[in-house]
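J.: Provided herewith is a single structure, encoded as structure tokens, for subsequent inquiry.
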Amino acid sequence: MTQLPIDSAPNDVTTHEPFVRSLDAMGTWRGRLEESVRELVRFLREQGLLDEAAGDLLDSLRQRLAGEKLVVAFVAEFSRGKSELINAIFFADAGRRIMPATPGRTTMCPVELGWDADEPPGLSLLPIETRLDGASLAELRGQPRAWVRESLDVKDPESFAGALTAVMRTRHVPVDEARALGFWNDEQPADNPPIDIEGRVEVPMWRHAIINVPHPLLKRGLVVIDTPGLNAIGAEPELTVGLLPSAHVVVFVLGADTGVTRSDLEIWRDHLASQALTRYVVLNKIDALYDPLSSVEHSESQITRQCVQVARTLDVPLARVFPLSARQALEARVEGNSALLVDSRLLALEQALAQQLLPQRRAVFEQLTLEALGVVQQQTQRSLNDLRRGLTEQLMELRGLRGKNASKVQMLLSRVAAETTEFEQCTAQLQALRSVHTRMLKELLQGLSGDVLRDQVDLMIRSIRESLLKLGAKRSFTQLFAQLRVSLDEAQRRGQDIRDMLAASFTRLNTEFGFSLSPSSTPELSRFRDDMALIERNYIQYLGLSQAMRLAQPRFLDQFRRMLMSRLRVVFESAAGEMELWNRTASAQVDAQLRERRKAFKRRRESLERIRQASGELEVRVNELEQQELRLTALDGHLAQLFEASRRAATQREFGDTQPLPMAVAGASPVTLTDRIELAPGPGLPFLSTSSPATLSPPAAERA
């Protein structure tokens, strides 16, 4: 059959794969939502209605939409058909096997498949010797010189698949070196690899492999992690305490002909037993259970018994166990054989992934989008109300001048000067407000700082090292997370204190000086507590009595600390960033309204000065302001439509039913995305001007 290039367009994705279709649909939804938000940001900036804090909020949302990764990890002992399953689900459109899948042991190191548009297609390999340096994988990702890079010809599936066989490479080392690398354990000799006639041990050549390839699904944000067998998992602590707990879903592959073996059970018990992980169990190679000398019913009953036994042994719901044949599924998709695909039973697994995993990720984005749109729309509406109020005040003054003499104009000029002087008295109160606000924010952020977090984690690690036989490790770990939850609760309380202070100050400023300030709700940090609870459940399994021997190894404990610290730092930095952004939005609101009020006084004064100098132009100026008021109303309506379009894009369920973004307001003067509406003094009274749109380059997608 004709082989499709690996970098074919997204529409080339095989259409009969449920998970592929759902992932592609989610990518399309995210792309359209990001485009809708981008149109909104561009229009707001062109109209001068987007301050820095609100712009940062929407830009951050767009970066999340463009750069979010969906991580699916496949875990199995060797020879379970794991790589074949990956080929069948994700890479059948290449017309052949892409991941090495041959009898015996193939994948010798963790393999990460993804797409980074900033890097050319290629295979990056981290030498196994880097384990001796003590540097974590996260640190080495930022050191290009530590990796061996091989180019990939993604347009030639044969060449591409051949290049990936590099992950199978091994080398032979002395036992002492194997021990230092983590592949030899004197206390568990039964698990050690065999020694050849020269007294050497076979170990993987690479510690980690990253495949950067522009496959349509990887472009959509999918990251596939292919892990090696038990020995390699145990030898790489970062895989167990870093990559696997961070995966959105873990697929554990067993052999239908063998069931749960001792090494399978050890992988499950030591690395996947946490209920916090979203886990699916695949019973692969069911085609081997069909006996031509027995009835189909007998073979089916064997498969059912195996599924029940696996579910009971691993203590998972039977609905999470999927019997299938990856070999038949790949063959069916390569040959276009729909009957064989049904016989392979792969569709049931893909349907479960599509129906359970992707909606959860989408719900997170939907909530983030709606919250951000609500904050920005509230702020934009306040700005428009201030502009409209300034227009109304000018119109009332100018209409009142009809038939009046110069003395009336002079009186109004004096009144504007007096009001300006009175208004400027607010600066002292604003300065005091900023001082108090800055101090309270500093105290809040101090509790979420990396220094405080590092001190607490180091205290826990020190307690574990000092405990007898590491028996107090779990208690120290639990105490750490209890303290971290207290830190988040304290940050939440301080955030509410800041809001209460702002609310009281805003009320006073609104009453005394005519502001329209309104503090938004304090960010809810409960989701960060949930993130911490997930981390705690994922990592506590490594601190039980069965893990005391591993905890006694300084290398493992150091690696455990680094990975735990990196995960917790993300949570605390995100919480601090959200609080800081919320406070910046409040400060920006004060600055924006102060700036607009000063502009309003200046416009009133300049208008009256021009009227005094050219009283005959009064009606012309009134008409200009009335037209400006109509355009402002049109702008208000158009913005409401843009916000609503973004909300529809966020909550849209059918990807084919997409309405175009609104470009005009019915019954009013057309307002296009190239119009810029602003209040500015000109040669006469303030007028509405149009100018060319500013060039707006979208920020680069967030790197995974």
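Note on naming: chains are A, B, ... as they come in the structure tokens, residues start from 1 per chain, ligands start from 1 in the order shown.
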As a ChimeraX atom specification, please: every residue in stretch 302-531 of chain A that a backbone DSSP assignment puts in helix (DSSP H, G or I).
T.: /A:302-314,318-320,326-335,338-344,346-400,406-423,426-447,450-466,468-470,473-513,526-531
J.: Extract the full set of strand (DSSP E or B) residues from stretch 69-200 of chain A according to DSSP on the backbone, and format it as a ChimeraX atom specification.
T.: /A:70-75,111-114,122-127,148-151,170-174,195,200
J.: Let's have the selection written as a PDB file, in the first residue's frame, with N, CA and C atoms.
T.:
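Just written: out.pdb:
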ATOM      1  N   LEU A  70      -0.388  16.691  26.272  1.00  0.00           N
ATOM      2  CA  LEU A  70      -1.139  15.564  26.817  1.00  0.00           C
ATOM      3  C   LEU A  70      -0.203  14.361  26.834  1.00  0.00           C
ATOM      4  N   VAL A  71       0.172  13.913  28.032  1.00  0.00           N
ATOM      5  CA  VAL A  71       1.202  12.890  28.189  1.00  0.00           C
ATOM      6  C   VAL A  71       0.554  11.533  28.441  1.00  0.00           C
ATOM      7  N   VAL A  72       0.853  10.576  27.569  1.00  0.00           N
ATOM      8  CA  VAL A  72       0.372   9.193  27.705  1.00  0.00           C
ATOM      9  C   VAL A  72       1.599   8.292  27.836  1.00  0.00           C
ATOM     10  N   ALA A  73       1.710   7.582  28.956  1.00  0.00           N
ATOM     11  CA  ALA A  73       2.869   6.723  29.215  1.00  0.00           C
ATOM     12  C   ALA A  73       2.467   5.257  29.070  1.00  0.00           C
ATOM     13  N   PHE A  74       3.292   4.509  28.355  1.00  0.00           N
ATOM     14  CA  PHE A  74       3.098   3.066  28.191  1.00  0.00           C
ATOM     15  C   PHE A  74       4.168   2.352  29.005  1.00  0.00           C
ATOM     16  N   VAL A  75       3.735   1.471  29.905  1.00  0.00           N
ATOM     17  CA  VAL A  75       4.652   0.790  30.815  1.00  0.00           C
ATOM     18  C   VAL A  75       4.443  -0.709  30.669  1.00  0.00           C
ATOM     19  N   VAL A 111      11.752   6.278  26.110  1.00  0.00           N
ATOM     20  CA  VAL A 111      11.655   7.000  24.838  1.00  0.00           C
ATOM     21  C   VAL A 111      10.487   7.973  24.922  1.00  0.00           C
ATOM     22  N   GLU A 112      10.734   9.209  24.585  1.00  0.00           N
ATOM     23  CA  GLU A 112       9.725  10.273  24.639  1.00  0.00           C
ATOM     24  C   GLU A 112       9.492  10.792  23.227  1.00  0.00           C
ATOM     25  N   LEU A 113       8.270  10.654  22.751  1.00  0.00           N
ATOM     26  CA  LEU A 113       7.920  11.132  21.415  1.00  0.00           C
ATOM     27  C   LEU A 113       7.072  12.394  21.536  1.00  0.00           C
ATOM     28  N   GLY A 114       7.485  13.447  20.872  1.00  0.00           N
ATOM     29  CA  GLY A 114       6.740  14.696  20.902  1.00  0.00           C
ATOM     30  C   GLY A 114       7.167  15.568  19.737  1.00  0.00           C
ATOM     31  N   GLY A 122      14.418  15.112  14.714  1.00  0.00           N
ATOM     32  CA  GLY A 122      15.644  14.415  15.064  1.00  0.00           C
ATOM     33  C   GLY A 122      15.462  13.511  16.261  1.00  0.00           C
ATOM     34  N   LEU A 123      16.507  12.734  16.542  1.00  0.00           N
ATOM     35  CA  LEU A 123      16.552  11.820  17.668  1.00  0.00           C
ATOM     36  C   LEU A 123      17.666  12.276  18.602  1.00  0.00           C
ATOM     37  N   SER A 124      17.312  12.622  19.839  1.00  0.00           N
ATOM     38  CA  SER A 124      18.286  13.066  20.838  1.00  0.00           C
ATOM     39  C   SER A 124      18.473  11.957  21.858  1.00  0.00           C
ATOM     40  N   LEU A 125      19.720  11.562  22.067  1.00  0.00           N
ATOM     41  CA  LEU A 125      20.036  10.428  22.937  1.00  0.00           C
ATOM     42  C   LEU A 125      20.950  10.891  24.061  1.00  0.00           C
ATOM     43  N   LEU A 126      20.587  10.542  25.291  1.00  0.00           N
ATOM     44  CA  LEU A 126      21.378  10.920  26.460  1.00  0.00           C
ATOM     45  C   LEU A 126      22.210   9.721  26.897  1.00  0.00           C
ATOM     46  N   PRO A 127      23.541   9.827  26.841  1.00  0.00           N
ATOM     47  CA  PRO A 127      24.396   8.685  27.206  1.00  0.00           C
ATOM     48  C   PRO A 127      24.131   8.203  28.626  1.00  0.00           C
ATOM     49  N   VAL A 148      23.496  13.229  22.402  1.00  0.00           N
ATOM     50  CA  VAL A 148      23.945  12.825  21.070  1.00  0.00           C
ATOM     51  C   VAL A 148      22.753  12.965  20.132  1.00  0.00           C
ATOM     52  N   ARG A 149      22.911  13.728  19.083  1.00  0.00           N
ATOM     53  CA  ARG A 149      21.778  14.013  18.202  1.00  0.00           C
ATOM     54  C   ARG A 149      21.971  13.331  16.848  1.00  0.00           C
ATOM     55  N   GLU A 150      20.899  12.695  16.385  1.00  0.00           N
ATOM     56  CA  GLU A 150      20.887  12.064  15.070  1.00  0.00           C
ATOM     57  C   GLU A 150      19.710  12.628  14.281  1.00  0.00           C
ATOM     58  N   SER A 151      19.953  12.964  13.026  1.00  0.00           N
ATOM     59  CA  SER A 151      18.899  13.529  12.192  1.00  0.00           C
ATOM     60  C   SER A 151      17.941  12.431  11.744  1.00  0.00           C
ATOM     61  N   THR A 170      23.023  -1.372  23.030  1.00  0.00           N
ATOM     62  CA  THR A 170      23.561  -1.682  24.362  1.00  0.00           C
ATOM     63  C   THR A 170      25.078  -1.706  24.279  1.00  0.00           C
ATOM     64  N   ARG A 171      25.702  -1.821  25.431  1.00  0.00           N
ATOM     65  CA  ARG A 171      27.150  -2.043  25.477  1.00  0.00           C
ATOM     66  C   ARG A 171      27.465  -2.858  26.722  1.00  0.00           C
ATOM     67  N   HIS A 172      28.642  -3.460  26.761  1.00  0.00           N
ATOM     68  CA  HIS A 172      29.048  -4.317  27.864  1.00  0.00           C
ATOM     69  C   HIS A 172      30.055  -3.576  28.741  1.00  0.00           C
ATOM     70  N   VAL A 173      29.818  -3.635  30.043  1.00  0.00           N
ATOM     71  CA  VAL A 173      30.665  -2.906  30.995  1.00  0.00           C
ATOM     72  C   VAL A 173      31.032  -3.861  32.134  1.00  0.00           C
ATOM     73  N   PRO A 174      32.103  -3.532  32.871  1.00  0.00           N
ATOM     74  CA  PRO A 174      32.452  -4.343  34.052  1.00  0.00           C
ATOM     75  C   PRO A 174      31.340  -4.259  35.107  1.00  0.00           C
ATOM     76  N   ILE A 195      26.382 -12.426  33.299  1.00  0.00           N
ATOM     77  CA  ILE A 195      27.757 -11.991  33.046  1.00  0.00           C
ATOM     78  C   ILE A 195      28.312 -12.809  31.889  1.00  0.00           C
ATOM     79  N   ARG A 200      31.720  -9.251  31.888  1.00  0.00           N
ATOM     80  CA  ARG A 200      31.057  -7.969  31.695  1.00  0.00           C
ATOM     81  C   ARG A 200      29.534  -8.138  31.679  1.00  0.00           C
TER      82      ARG A 200
END
J.: Can you tell me which residues surround stretch 431-435 of chain A at a distance of at most 12 Å, considering only C-alpha atoms, apart from same-chain residues fewer than 2 positions away, and format the answer as a list in words?
T.: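 In the requested format, the answer is Glu424, Gln425, Cys426, Thr427, Ala428, Gln429, His437, Thr438, Arg439, Met440, Leu441, Lys442, Ile498, Met501, Leu502, Ala503, Ala504, Ser505, Phe506, Arg508, Leu509, Asn583, Arg584, Ala586, Ser587, Ala588, Val590 and Asp591 of chain A.
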J.: Would you kindly return, as a PyMOL selection string, each protein, DNA or RNA residue with an atom no farther than 6 Å from any atom of stretch 643-651 of chain A, considering only C-alpha atoms and excluding same-chain residues fewer than 2 positions away?
T.: chain A and resi 33+36+366+640-641
J.: Can you pull out every residue within 9 Å of A:Val213, counting only C-alpha atoms, but drop anything in the same chain fewer than 3 positions away, and send it as a PyMOL selection string?
T.: chain A and resi 6-7+113-116+120-123+152+154+218-219
J.: Excluding A:Ile89 and any residue of its chain fewer than 3 positions from it, enumerate the residues within 10 Å of it, using only C-alpha atoms, and give them as a ChimeraX atom specification.
T.: /A:14,17-20,84-86,92-93,326,329-330,333,346-347,349-350
J.: Output the selection as a PDB file, in the first residue's frame - C-alpha atoms for each residue.
T.:
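Just written: out_38.pdb:
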ATOM      1  CA  THR A  14      -6.539   7.851  10.044  1.00  0.00           C
ATOM      2  CA  GLU A  17      -9.384   5.678  15.302  1.00  0.00           C
ATOM      3  CA  PRO A  18     -11.555   6.971  18.198  1.00  0.00           C
ATOM      4  CA  PHE A  19      -8.725   8.355  20.315  1.00  0.00           C
ATOM      5  CA  VAL A  20      -7.003   9.872  17.296  1.00  0.00           C
ATOM      6  CA  GLU A  84       3.549  -2.569  18.777  1.00  0.00           C
ATOM      7  CA  LEU A  85       0.574  -1.065  20.648  1.00  0.00           C
ATOM      8  CA  ILE A  86       2.017   2.421  20.262  1.00  0.00           C
ATOM      9  CA  ALA A  92      -0.423   3.236  11.591  1.00  0.00           C
ATOM     10  CA  ASP A  93      -0.775   6.046   9.035  1.00  0.00           C
ATOM     11  CA  ALA A 326      -1.815  -4.941  18.965  1.00  0.00           C
ATOM     12  CA  ALA A 329      -4.685  -3.917  15.039  1.00  0.00           C
ATOM     13  CA  LEU A 330      -1.565  -2.596  13.321  1.00  0.00           C
ATOM     14  CA  ARG A 333      -4.901  -0.408   9.880  1.00  0.00           C
ATOM     15  CA  LEU A 346      -8.260  -2.084  20.040  1.00  0.00           C
ATOM     16  CA  LEU A 347     -11.210   0.239  19.502  1.00  0.00           C
ATOM     17  CA  LEU A 349      -9.271   0.962  24.572  1.00  0.00           C
ATOM     18  CA  GLU A 350      -9.216   3.954  22.244  1.00  0.00           C
TER      19      GLU A 350
END
J.: For A:Phe528, which residue out of A:Ser246, A:Gln306, A:Thr478, A:Ser574 is the nearest one, using only C-alpha atoms?
T.: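 Smallest distance to A:Phe528 is found for A:Ser574.
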J.: Just checking: using only C-alpha atoms, which residue out of A:Gln593, A:Leu564, A:Gln394, A:Ile535 ends up closest to A:Glu624?
T.: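 Among A:Gln593, A:Leu564, A:Gln394, A:Ile535, it is A:Gln394 that comes nearest to A:Glu624.
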J.: Using only C-alpha atoms, determine which residues lie at most 8 Å from A:Met26, disregarding the query and same-chain residues fewer than 4 positions distant; provide the list as JSON, numbers by chain.
T.: {"A": [22, 30, 358, 362]}
J.: Using C-alpha atoms, can you export the residues from the last selection as a JSON list (two decimals), in the first residue's frame?
T.:
[["chain", "number", "residue", "atom", "x", "y", "z"],
["A", 22, "SER", "CA", -10.97, 12.86, 19.64],
["A", 30, "ARG", "CA", -8.01, 24.53, 21.14],
["A", 358, "LEU", "CA", -9.76, 14.12, 26.86],
["A", 362, "ARG", "CA", -10.89, 20.08, 27.98]]
J.: Would you compute the distance between atom CA of A:Asp530 and atom CA of A:Gln492? Give it in Å to one decimal.
T.: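 The value is 14.2 Å.
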J.: Quick one, how far is atom CA of A:Met108 from atom CA of A:Lys69?
T.: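 Going from atom CA of A:Met108 over to atom CA of A:Lys69 covers 24.5 Å.
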J.: When you count only C-alpha atoms, which of these residues is closest to A:Met460: A:Leu557, A:Leu430, A:Trp29, A:Ala417?
T.: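 Looking at the shortest contact to A:Met460, the residue is A:Leu557.
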J.: Between A:Phe601, A:Phe252, A:Phe481, A:Phe560, which one has atoms that come closest to A:Phe322, using only C-alpha atoms?
T.: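 The closest residue to A:Phe322 is A:Phe252.
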J.: Between A:Val310, A:Leu642, A:Val223, A:Ile464, single out the one closest to A:Thr258, counting only C-alpha atoms.
T.: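 Residue with the minimum atom-to-atom distance to A:Thr258: A:Val310.
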